[in-house]
Each structure stands twice: as structure tokens, then as C-alpha cells.
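K.L.:
Just so it is clear, I am handing over work.tsv, which has TSV, C-alpha atoms and all ligand atoms.
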chain	number	residue	atom	x	y	z
A	174	MET	CA	0.00	0.00	0.00
A	175	SER	CA	3.06	2.29	0.00
A	176	ASP	CA	2.04	3.54	-3.46
A	177	ALA	CA	-1.24	4.98	-2.14
A	178	PRO	CA	-1.80	8.53	-3.48
A	179	ASN	CA	-1.57	11.59	-1.25
A	180	LEU	CA	-4.85	13.03	-0.01
A	181	LEU	CA	-3.77	16.54	-1.02
A	182	ASN	CA	-2.88	17.58	-4.56
A	183	ASP	CA	0.79	18.23	-5.44
A	184	ASP	CA	0.23	21.96	-4.73
A	185	HIS	CA	-1.02	21.02	-1.21
A	186	THR	CA	-4.61	22.04	-1.86
A	187	ALA	CA	-7.63	19.79	-1.38
A	188	SER	CA	-9.92	18.68	-4.20
A	189	MET	CA	-12.79	16.28	-4.73
A	190	ALA	CA	-10.10	13.59	-4.96
A	191	THR	CA	-9.27	14.35	-1.31
A	192	ALA	CA	-12.92	14.10	-0.25
A	193	LEU	CA	-13.45	10.78	-2.04
A	194	MET	CA	-10.25	9.28	-0.58
A	195	MET	CA	-11.18	10.43	2.93
A	196	SER	CA	-14.25	8.19	2.59
A	197	HIS	CA	-12.03	5.33	1.44
A	198	HIS	CA	-9.89	5.93	4.54
A	199	GLY	CA	-13.05	5.80	6.66
A	200	PHE	CA	-14.11	2.43	5.21
A	201	ARG	CA	-10.65	0.92	5.78
A	202	ARG	CA	-10.51	2.42	9.30
A	203	ASP	CA	-13.95	1.10	10.26
A	204	LEU	CA	-13.45	-2.40	8.83
A	205	ALA	CA	-10.19	-2.68	10.80
A	206	ARG	CA	-12.07	-1.56	13.93
A	207	PHE	CA	-14.83	-4.11	13.30
A	208	HIS	CA	-12.19	-6.76	12.78
A	209	SER	CA	-10.56	-6.20	16.17
A	210	ALA	CA	-13.86	-5.60	18.00
A	211	LEU	CA	-15.22	-8.92	16.69
A	212	GLU	CA	-12.05	-10.69	17.75
A	213	ALA	CA	-12.66	-9.24	21.21
A	214	VAL	CA	-16.26	-10.52	21.15
A	215	ALA	CA	-14.93	-13.97	20.21
A	216	GLY	CA	-12.67	-13.65	23.27
A	217	GLY	CA	-15.63	-12.96	25.57
A	218	GLU	CA	-16.05	-9.14	25.45
A	219	VAL	CA	-19.84	-8.93	24.99
A	220	SER	CA	-20.64	-5.51	26.47
A	221	ARG	CA	-20.72	-3.62	23.14
A	222	ILE	CA	-22.65	-6.06	20.95
A	223	GLU	CA	-25.71	-3.83	20.53
A	224	ALA	CA	-23.52	-0.84	19.64
A	225	LEU	CA	-21.63	-2.95	17.08
A	226	ARG	CA	-24.90	-3.98	15.40
A	227	GLU	CA	-25.96	-0.34	15.16
A	228	GLU	CA	-22.57	0.67	13.81
A	229	TRP	CA	-22.77	-2.03	11.13
A	230	LYS	CA	-26.06	-0.49	9.90
A	231	SER	CA	-24.34	2.84	9.76
A	232	LEU	CA	-21.39	1.46	7.74
A	233	TYR	CA	-23.91	-0.18	5.43
A	234	GLN	CA	-25.66	3.15	4.76
A	235	THR	CA	-22.42	5.06	4.33
A	236	LEU	CA	-21.01	2.53	1.87
A	237	HIS	CA	-24.31	2.37	-0.06
A	238	GLY	CA	-24.34	6.17	-0.20
A	239	HIS	CA	-20.73	6.25	-1.43
A	240	HIS	CA	-21.49	3.72	-4.18
A	241	HIS	CA	-24.60	5.61	-5.21
A	242	SER	CA	-22.78	8.93	-5.49
A	243	GLU	CA	-20.08	7.26	-7.61
A	244	ASP	CA	-22.52	5.37	-9.86
A	245	ALA	CA	-24.95	8.26	-10.28
A	246	GLY	CA	-22.61	11.28	-10.12
A	247	VAL	CA	-18.84	10.90	-10.31
A	248	PHE	CA	-18.64	8.05	-12.84
A	249	PRO	CA	-21.14	9.34	-15.47
A	250	SER	CA	-19.52	12.77	-15.53
A	251	LEU	CA	-15.99	11.30	-15.83
A	252	GLN	CA	-17.14	8.96	-18.56
A	253	ALA	CA	-18.52	11.89	-20.53
A	254	GLU	CA	-15.14	13.64	-20.37
A	255	HIS	CA	-12.75	10.67	-20.66
A	256	ALA	CA	-13.86	7.84	-22.96
A	257	SER	CA	-10.75	5.86	-21.92
A	258	VAL	CA	-12.12	5.15	-18.43
A	259	ARG	CA	-15.34	3.50	-19.67
A	260	ALA	CA	-14.11	-0.10	-19.19
A	261	VAL	CA	-12.70	0.49	-15.71
A	262	ILE	CA	-15.90	2.27	-14.65
A	263	GLU	CA	-17.96	-0.70	-15.82
A	264	GLN	CA	-15.78	-2.94	-13.68
A	265	LEU	CA	-16.07	-0.63	-10.66
A	266	SER	CA	-19.86	-0.45	-10.91
A	267	ALA	CA	-19.99	-4.24	-11.17
A	268	ASP	CA	-17.89	-4.39	-7.97
A	269	HIS	CA	-20.48	-2.18	-6.23
A	270	ARG	CA	-23.22	-4.65	-7.19
A	271	ARG	CA	-21.13	-7.51	-5.75
A	272	ILE	CA	-20.27	-5.69	-2.53
A	273	ASP	CA	-23.74	-4.45	-1.56
A	274	PRO	CA	-25.30	-7.94	-1.01
A	275	ILE	CA	-22.43	-8.75	1.38
A	276	LEU	CA	-23.54	-5.83	3.55
A	277	ASP	CA	-27.04	-7.34	3.62
A	278	ARG	CA	-25.66	-10.71	4.72
A	279	GLY	CA	-23.67	-8.86	7.35
A	280	GLU	CA	-26.80	-7.76	9.13
A	281	ALA	CA	-27.89	-11.38	9.60
A	282	ALA	CA	-24.37	-12.32	10.74
A	283	PHE	CA	-24.28	-9.51	13.31
A	284	ALA	CA	-27.65	-10.71	14.64
A	285	ARG	CA	-25.86	-13.93	15.66
A	286	LEU	CA	-23.40	-12.22	18.01
A	287	PRO	CA	-21.96	-13.19	20.48
A	288	ASP	CA	-21.16	-15.99	18.01
A	289	ALA	CA	-18.60	-13.82	16.21
A	290	LYS	CA	-17.54	-16.29	13.50
A	291	PRO	CA	-20.14	-15.38	10.81
A	292	ALA	CA	-19.64	-11.63	11.31
A	293	LEU	CA	-15.83	-12.00	11.20
A	294	ALA	CA	-16.14	-13.97	7.94
A	295	ILE	CA	-18.24	-11.14	6.43
A	296	VAL	CA	-15.78	-8.46	7.58
A	297	ARG	CA	-12.84	-10.41	6.10
A	298	GLU	CA	-14.70	-10.93	2.80
A	299	LEU	CA	-15.57	-7.23	2.62
A	300	GLU	CA	-12.01	-6.18	3.49
A	301	GLY	CA	-10.68	-8.35	0.65
A	302	LEU	CA	-13.11	-7.04	-1.98
A	303	LEU	CA	-12.85	-3.42	-0.89
A	304	ASP	CA	-9.05	-3.48	-0.76
A	305	ALA	CA	-8.88	-4.39	-4.43
A	306	HIS	CA	-11.76	-2.09	-5.42
A	307	LEU	CA	-10.50	1.01	-3.61
A	308	ALA	CA	-6.98	0.52	-4.95
A	309	ILE	CA	-8.29	0.48	-8.55
A	310	GLU	CA	-10.33	3.65	-7.95
A	311	GLU	CA	-7.35	5.36	-6.39
A	312	ARG	CA	-5.14	4.45	-9.35
A	313	GLU	CA	-7.56	5.06	-12.22
A	314	ILE	CA	-10.20	7.55	-11.05
A	315	ILE	CA	-8.54	9.75	-8.43
A	316	PRO	CA	-6.05	11.44	-10.84
A	317	LEU	CA	-9.03	12.68	-12.87
A	318	LEU	CA	-10.63	14.42	-9.86
A	319	ARG	CA	-7.66	16.54	-8.75
A	320	GLY	CA	-8.91	19.57	-10.67
A	321	ALA	CA	-12.44	19.50	-9.20
A	322	LYS	CA	-12.46	21.95	-6.32
A	323	SER	CA	-15.97	23.22	-5.81
A	324	PHE	CA	-18.17	21.46	-3.32
A	325	PRO	CA	-21.92	22.08	-3.80
A	326	ALA	CA	-23.64	24.14	-1.09
A	327	PRO	CA	-26.15	22.06	0.89
A	328	PRO	CA	-29.62	22.73	-0.61
A	329	SER	CA	-31.37	22.79	2.79
A	330	GLU	CA	-30.75	22.96	6.51
A	331	GLU	CA	-31.46	19.23	6.78
A	332	MET	CA	-28.92	18.40	4.07
A	333	ALA	CA	-26.32	20.64	5.73
A	334	VAL	CA	-26.65	18.56	8.91
A	335	MET	CA	-26.35	15.33	6.89
A	336	TYR	CA	-23.27	16.54	5.00
A	337	ALA	CA	-21.67	17.63	8.28
A	338	GLN	CA	-22.27	14.17	9.77
A	339	GLY	CA	-20.75	12.57	6.68
A	340	PHE	CA	-17.66	14.77	6.83
A	341	ALA	CA	-17.31	14.21	10.60
A	342	TRP	CA	-17.18	10.48	9.89
A	343	ALA	CA	-14.66	10.92	7.07
A	344	MET	CA	-12.41	13.40	8.93
A	345	GLN	CA	-11.55	11.22	11.90
A	346	GLY	CA	-7.96	10.00	11.65
A	347	ILE	CA	-6.92	12.45	8.89
A	348	ALA	CA	-3.91	14.75	9.46
A	349	PRO	CA	-4.97	18.24	10.73
A	350	ASP	CA	-3.26	20.21	7.93
A	351	VAL	CA	-5.12	18.10	5.34
A	352	LEU	CA	-8.38	18.90	7.13
A	353	ARG	CA	-7.61	22.64	7.05
A	354	GLN	CA	-7.28	22.44	3.28
A	355	VAL	CA	-10.51	20.46	3.00
A	356	GLU	CA	-12.38	23.11	5.02
A	357	GLN	CA	-11.18	25.77	2.59
A	358	MET	CA	-12.96	23.91	-0.19
A	359	LEU	CA	-16.25	23.50	1.70
A	360	PRO	CA	-19.14	26.00	1.88
A	361	GLU	CA	-19.20	28.13	5.06
A	362	THR	CA	-22.61	26.76	6.17
A	363	LEU	CA	-21.10	23.30	6.24
A	364	VAL	CA	-17.81	24.26	7.94
A	365	ALA	CA	-19.77	25.99	10.72
A	366	ARG	CA	-21.48	22.70	11.60
A	367	LEU	CA	-18.36	20.56	11.67
A	368	PRO	CA	-17.15	21.06	15.28
A	369	GLU	CA	-20.45	19.86	16.74
A	370	ALA	CA	-20.74	16.97	14.26
A	371	ARG	CA	-17.15	15.88	14.94
A	372	ALA	CA	-17.68	15.94	18.72
A	373	ALA	CA	-20.83	13.82	18.29
A	374	PHE	CA	-18.93	11.34	16.14
A	375	ASP	CA	-16.14	11.06	18.73
A	376	ALA	CA	-18.78	10.30	21.38
A	377	ARG	CA	-20.26	7.62	19.12
A	378	CYS	CA	-16.79	6.05	18.72
A	379	GLU	CA	-16.37	5.97	22.49
A	380	ARG	CA	-19.64	4.05	22.74
A	381	VAL	CA	-18.94	1.59	19.95
A	382	TRP	CA	-15.18	1.03	20.12
A	383	GLY	CA	-14.39	2.20	23.62
A	384	SER	CA	-12.16	4.95	22.22
A	385	ALA	CA	-12.14	7.79	19.71
A	386	ALA	CA	-8.36	7.64	19.30
A	387	ALA	CA	-7.36	7.87	15.64
A	388	GLY	CA	-4.30	8.44	13.49
A	389	ALA	CA	-3.19	11.36	11.30
A	390	ALA	CA	-3.26	9.96	7.77
A	391	ARG	CA	-2.01	11.80	4.69
A	392	THR	CA	-3.12	9.04	2.29
A	393	PRO	CA	-6.35	6.96	2.19
A	394	ILE	CA	-4.60	4.31	4.30
A	395	PRO	CA	-5.24	4.67	8.08
A	396	THR	CA	-2.10	5.27	10.15
A	397	THR	CA	-3.25	3.36	13.23
A	401	FE	FE	-16.45	2.45	-5.61
A	402	FE	FE	-14.98	4.91	-3.88
Show how you would write the structure in this file as C-alpha cells.

P.N.:
Amino acid sequence: MSDAPNLLNDDHTASMATALMMSHHGFRRDLARFHSALEAVAGGEVSRIEALREEWKSLYQTLHGHHHSEDAGVFPSLQAEHASVRAVIEQLSADHRRIDPILDRGEAAFARLPDAKPALAIVRELEGLLDAHLAIEEREIIPLLRGAKSFPAPPSEEMAVMYAQGFAWAMQGIAPDVLRQVEQMLPETLVARLPEARAAFDARCERVWGSAAAGAARTPIPTT
């Protein structure tokens, strides 16, 4: 993974490439956390089972949302500009259709906790598929998004809250100077909501994982 791209552009500014890769970082970070939490359940730590089930639903929604925004937004507009990426985009969309049913099976597996074996098998399967998928996106798609620097203003108060929650999730574990650049790209109404949303997300991590400690990544690969 040492060839993972930098979150920031070469001129140290953020772009839509940064935002997309921060989500990739979040998926890798959360799957690693699920992996160790489930190993702890297998070892007899059963006090957070309900919180883990809830968090799985949340991962499910976030990953679905990420796939939808790629399939319905990012990919069609790239395909219109760069005919050469058509084949890789077809492959990536097919990956999305393979990955989403695994999330569904995950819900049934998490219902069987404290028997952690089925849920661990799902997390391992998802880690394997996502590793390959995210690496292809980062190699083929990310370079084409470096020039995109305008983030749409939230169309309503409700959407502003949702965007802020999404960014709070994606920002945890990212290096502070990268986050400062990201905030410069975001609309003021969204930036204003981030401190509260980030504090709420830290509290959620305390509940689910027992800690909100995170790294300071400069690439889409978590540093802890
Ligand atoms: Fe994708
Ligand atoms: Fe992606």
C-alpha cells in the first residue's frame, strides 16, 4: 500500500479527490475496527454487541451512499469527459453490485453475536473485496478528480446537517493540515457545523469502540 496517493494535490490544496479518498480511509478504518472488535467478542467481550450492530447499519448506509454517489454522479460525468475510463468504470460499478449484497448478509451475521464467526467472515470478505476495489479507484479515477475543487452548497438545513455528519465520519484520523485544506474547499454553512458533528462522532466512537483515538493519515490508508 506504500504507493497509495496523497490526499492533497501536489500543490497542497484539497480537491474532490481528497474528499473521495477520505471516505475510502473511513471504510478501511472502520473495517479494521470491526475486525478487532469482533475478535474481542470472540474472546468474551460482549458488552458492546448492541452498539456494534448499530454501527454495522451505519457502515452499510455510508457505503451504499458512497457507491450511489459514484454510480450516479462521479462516474457518469468522468465517462462523458474521458472515454478511456469506460471499461474500468464498468468494472467498478460491477464491484459495487457484488459488494452491496455482502452488507445485507452482514446484518444477519451480526444478529448472531456473540457468536462472532459469521460476522468475522463477512468483515474479512468485505475487506478483501474493498481493498482491491478502492486501490483500482485510487489508481484510475482519483487522478481525474484533482482539478475538481468546488463542493456544492447544501440545498437545505437538513442536508447541511447530513453533509456535516458525513464529513465528521470521514475526517476522523486524517492529518490536521489536510483537514484545514478540506475546510477551505467546503461551503461556510457546512464548515460551521463541523465542530459539533465531529464531537458527536467522537462520542459515538467511544460508545462503539471504547475509544475515539485515531491516526493522522495523509493518504487513504489509516495510520493506526
Ligand atoms: Fe467504488
Ligand atoms: Fe470509492

K.L.:
As an exercise, work out the distance from atom CA of A:Thr362 to atom CA of A:Arg202 in Å and give it to one decimal place.

P.N.:
27.4 Å

K.L.:
Just checking: using all atoms listed in the file, which residue out of A:Arg221, A:Arg297, A:His240, A:His269 ends up closest to A:Cys378?

P.N.:
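Smallest distance to A:Cys378 is found for A:Arg221.
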
K.L.:
For A:Ser250, which residue among A:Val355, A:Ala190, A:Ala177, A:Ile262 is the nearest when counting all atoms listed in the file?

P.N.:
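Residue with the minimum atom-to-atom distance to A:Ser250: A:Ile262.
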
K.L.:
For atom CA of A:Arg259 and atom CA of A:Glu310, determine how far apart the two atoms are, in Å to one decimal place.

P.N.:
12.7 Å

K.L.:
Could you list, as a short mmCIF file (atom, residue, chain, number, x, y, z; two decimals) with C-alpha atoms, in the coordinates of the input, all residues that come within 8 Å of ligand FE 402 (chain A)? Count only C-alpha atoms and all ligand atoms.

P.N.:
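The resulting part.cif:
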data_model
loop_
_atom_site.label_atom_id
_atom_site.label_comp_id
_atom_site.auth_asym_id
_atom_site.auth_seq_id
_atom_site.Cartn_x
_atom_site.Cartn_y
_atom_site.Cartn_z
CA LEU A 193 -13.45 10.78 -2.04
CA MET A 194 -10.25 9.28 -0.58
CA SER A 196 -14.25 8.19 2.59
CA HIS A 197 -12.03 5.33 1.44
CA HIS A 239 -20.73 6.25 -1.43
CA HIS A 240 -21.49 3.72 -4.18
CA GLU A 243 -20.08 7.26 -7.61
CA HIS A 306 -11.76 -2.09 -5.42
CA LEU A 307 -10.50 1.01 -3.61
CA GLU A 310 -10.33 3.65 -7.95
#

K.L.:
Name the residues, by chain letter and number, that sit within 12 Å of ligand FE 401 (chain A) using only C-alpha atoms and all ligand atoms, and give them as number ranges by chain.

P.N.:
A: 193-194, 196-197, 200, 235-248, 261-273, 302-311, 313-315

K.L.:
Work out how far apart atom CA of A:Met189 and atom CA of A:Ala321 are and give it in Å to one decimal.

P.N.:
5.5 Å

K.L.:
Kindly reconstruct stretch 204-215 of chain A with all heavy atoms and present the result as a PDB file, keeping the file's coordinate frame.

P.N.:
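In the end it all went to part-v1.pdb:
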ATOM      1  N   LEU A 204     -13.521  -0.928   8.959  1.00  0.00           N
ATOM      2  CA  LEU A 204     -13.450  -2.400   8.830  1.00  0.00           C
ATOM      3  C   LEU A 204     -12.363  -2.955   9.752  1.00  0.00           C
ATOM      4  O   LEU A 204     -12.558  -4.011  10.362  1.00  0.00           O
ATOM      5  CB  LEU A 204     -13.206  -2.798   7.374  1.00  0.00           C
ATOM      6  CG  LEU A 204     -14.465  -2.728   6.498  1.00  0.00           C
ATOM      7  CD1 LEU A 204     -14.125  -2.986   5.038  1.00  0.00           C
ATOM      8  CD2 LEU A 204     -15.527  -3.729   6.972  1.00  0.00           C
ATOM      9  N   ALA A 205     -11.244  -2.229   9.874  1.00  0.00           N
ATOM     10  CA  ALA A 205     -10.190  -2.680  10.800  1.00  0.00           C
ATOM     11  C   ALA A 205     -10.717  -2.660  12.244  1.00  0.00           C
ATOM     12  O   ALA A 205     -10.431  -3.573  13.042  1.00  0.00           O
ATOM     13  CB  ALA A 205      -8.954  -1.803  10.666  1.00  0.00           C
ATOM     14  N   ARG A 206     -11.506  -1.637  12.580  1.00  0.00           N
ATOM     15  CA  ARG A 206     -12.070  -1.560  13.930  1.00  0.00           C
ATOM     16  C   ARG A 206     -13.068  -2.689  14.165  1.00  0.00           C
ATOM     17  O   ARG A 206     -13.095  -3.285  15.247  1.00  0.00           O
ATOM     18  CB  ARG A 206     -12.762  -0.201  14.133  1.00  0.00           C
ATOM     19  CG  ARG A 206     -11.768   0.935  14.313  1.00  0.00           C
ATOM     20  CD  ARG A 206     -12.470   2.273  14.303  1.00  0.00           C
ATOM     21  NE  ARG A 206     -11.568   3.347  14.737  1.00  0.00           N
ATOM     22  CZ  ARG A 206     -11.894   4.632  14.712  1.00  0.00           C
ATOM     23  NH1 ARG A 206     -13.079   5.006  14.278  1.00  0.00           N
ATOM     24  NH2 ARG A 206     -11.032   5.535  15.129  1.00  0.00           N
ATOM     25  N   PHE A 207     -13.905  -2.980  13.160  1.00  0.00           N
ATOM     26  CA  PHE A 207     -14.830  -4.110  13.300  1.00  0.00           C
ATOM     27  C   PHE A 207     -14.057  -5.402  13.495  1.00  0.00           C
ATOM     28  O   PHE A 207     -14.428  -6.238  14.321  1.00  0.00           O
ATOM     29  CB  PHE A 207     -15.740  -4.227  12.061  1.00  0.00           C
ATOM     30  CG  PHE A 207     -17.010  -3.427  12.166  1.00  0.00           C
ATOM     31  CD1 PHE A 207     -17.237  -2.338  11.349  1.00  0.00           C
ATOM     32  CD2 PHE A 207     -17.988  -3.763  13.103  1.00  0.00           C
ATOM     33  CE1 PHE A 207     -18.400  -1.594  11.463  1.00  0.00           C
ATOM     34  CE2 PHE A 207     -19.160  -3.030  13.220  1.00  0.00           C
ATOM     35  CZ  PHE A 207     -19.355  -1.939  12.389  1.00  0.00           C
ATOM     36  N   HIS A 208     -12.987  -5.546  12.709  1.00  0.00           N
ATOM     37  CA  HIS A 208     -12.190  -6.760  12.780  1.00  0.00           C
ATOM     38  C   HIS A 208     -11.700  -6.991  14.217  1.00  0.00           C
ATOM     39  O   HIS A 208     -11.897  -8.058  14.796  1.00  0.00           O
ATOM     40  CB  HIS A 208     -10.996  -6.621  11.818  1.00  0.00           C
ATOM     41  CG  HIS A 208     -10.439  -7.924  11.381  1.00  0.00           C
ATOM     42  ND1 HIS A 208     -10.132  -8.212  10.077  1.00  0.00           N
ATOM     43  CD2 HIS A 208     -10.143  -9.038  12.083  1.00  0.00           C
ATOM     44  CE1 HIS A 208      -9.668  -9.442   9.998  1.00  0.00           C
ATOM     45  NE2 HIS A 208      -9.660  -9.959  11.200  1.00  0.00           N
ATOM     46  N   SER A 209     -11.080  -5.958  14.814  1.00  0.00           N
ATOM     47  CA  SER A 209     -10.560  -6.200  16.170  1.00  0.00           C
ATOM     48  C   SER A 209     -11.667  -6.274  17.209  1.00  0.00           C
ATOM     49  O   SER A 209     -11.567  -7.053  18.165  1.00  0.00           O
ATOM     50  CB  SER A 209      -9.454  -5.223  16.565  1.00  0.00           C
ATOM     51  OG  SER A 209      -9.728  -3.959  16.113  1.00  0.00           O
ATOM     52  N   ALA A 210     -12.757  -5.514  17.025  1.00  0.00           N
ATOM     53  CA  ALA A 210     -13.860  -5.600  18.000  1.00  0.00           C
ATOM     54  C   ALA A 210     -14.493  -6.993  17.975  1.00  0.00           C
ATOM     55  O   ALA A 210     -14.854  -7.539  19.028  1.00  0.00           O
ATOM     56  CB  ALA A 210     -14.917  -4.539  17.685  1.00  0.00           C
ATOM     57  N   LEU A 211     -14.613  -7.581  16.777  1.00  0.00           N
ATOM     58  CA  LEU A 211     -15.220  -8.920  16.690  1.00  0.00           C
ATOM     59  C   LEU A 211     -14.291  -9.976  17.272  1.00  0.00           C
ATOM     60  O   LEU A 211     -14.752 -10.959  17.872  1.00  0.00           O
ATOM     61  CB  LEU A 211     -15.583  -9.247  15.240  1.00  0.00           C
ATOM     62  CG  LEU A 211     -16.761  -8.435  14.678  1.00  0.00           C
ATOM     63  CD1 LEU A 211     -16.895  -8.651  13.170  1.00  0.00           C
ATOM     64  CD2 LEU A 211     -18.072  -8.790  15.386  1.00  0.00           C
ATOM     65  N   GLU A 212     -12.985  -9.763  17.105  1.00  0.00           N
ATOM     66  CA  GLU A 212     -12.050 -10.690  17.750  1.00  0.00           C
ATOM     67  C   GLU A 212     -12.193 -10.616  19.267  1.00  0.00           C
ATOM     68  O   GLU A 212     -12.121 -11.625  19.968  1.00  0.00           O
ATOM     69  CB  GLU A 212     -10.616 -10.412  17.302  1.00  0.00           C
ATOM     70  CG  GLU A 212     -10.341 -11.089  15.969  1.00  0.00           C
ATOM     71  CD  GLU A 212      -9.034 -10.671  15.310  1.00  0.00           C
ATOM     72  OE1 GLU A 212      -8.351  -9.764  15.837  1.00  0.00           O
ATOM     73  OE2 GLU A 212      -8.723 -11.257  14.258  1.00  0.00           O
ATOM     74  N   ALA A 213     -12.442  -9.394  19.769  1.00  0.00           N
ATOM     75  CA  ALA A 213     -12.660  -9.240  21.210  1.00  0.00           C
ATOM     76  C   ALA A 213     -13.953  -9.922  21.654  1.00  0.00           C
ATOM     77  O   ALA A 213     -13.995 -10.567  22.707  1.00  0.00           O
ATOM     78  CB  ALA A 213     -12.690  -7.752  21.581  1.00  0.00           C
ATOM     79  N   VAL A 214     -15.004  -9.824  20.827  1.00  0.00           N
ATOM     80  CA  VAL A 214     -16.260 -10.520  21.150  1.00  0.00           C
ATOM     81  C   VAL A 214     -16.003 -12.029  21.216  1.00  0.00           C
ATOM     82  O   VAL A 214     -16.455 -12.713  22.149  1.00  0.00           O
ATOM     83  CB  VAL A 214     -17.378 -10.208  20.110  1.00  0.00           C
ATOM     84  CG1 VAL A 214     -18.596 -11.094  20.341  1.00  0.00           C
ATOM     85  CG2 VAL A 214     -17.769  -8.730  20.165  1.00  0.00           C
ATOM     86  N   ALA A 215     -15.256 -12.530  20.226  1.00  0.00           N
ATOM     87  CA  ALA A 215     -14.930 -13.970  20.210  1.00  0.00           C
ATOM     88  C   ALA A 215     -14.177 -14.354  21.476  1.00  0.00           C
ATOM     89  O   ALA A 215     -14.280 -15.479  21.966  1.00  0.00           O
ATOM     90  CB  ALA A 215     -14.105 -14.305  18.968  1.00  0.00           C
TER      91      ALA A 215
END
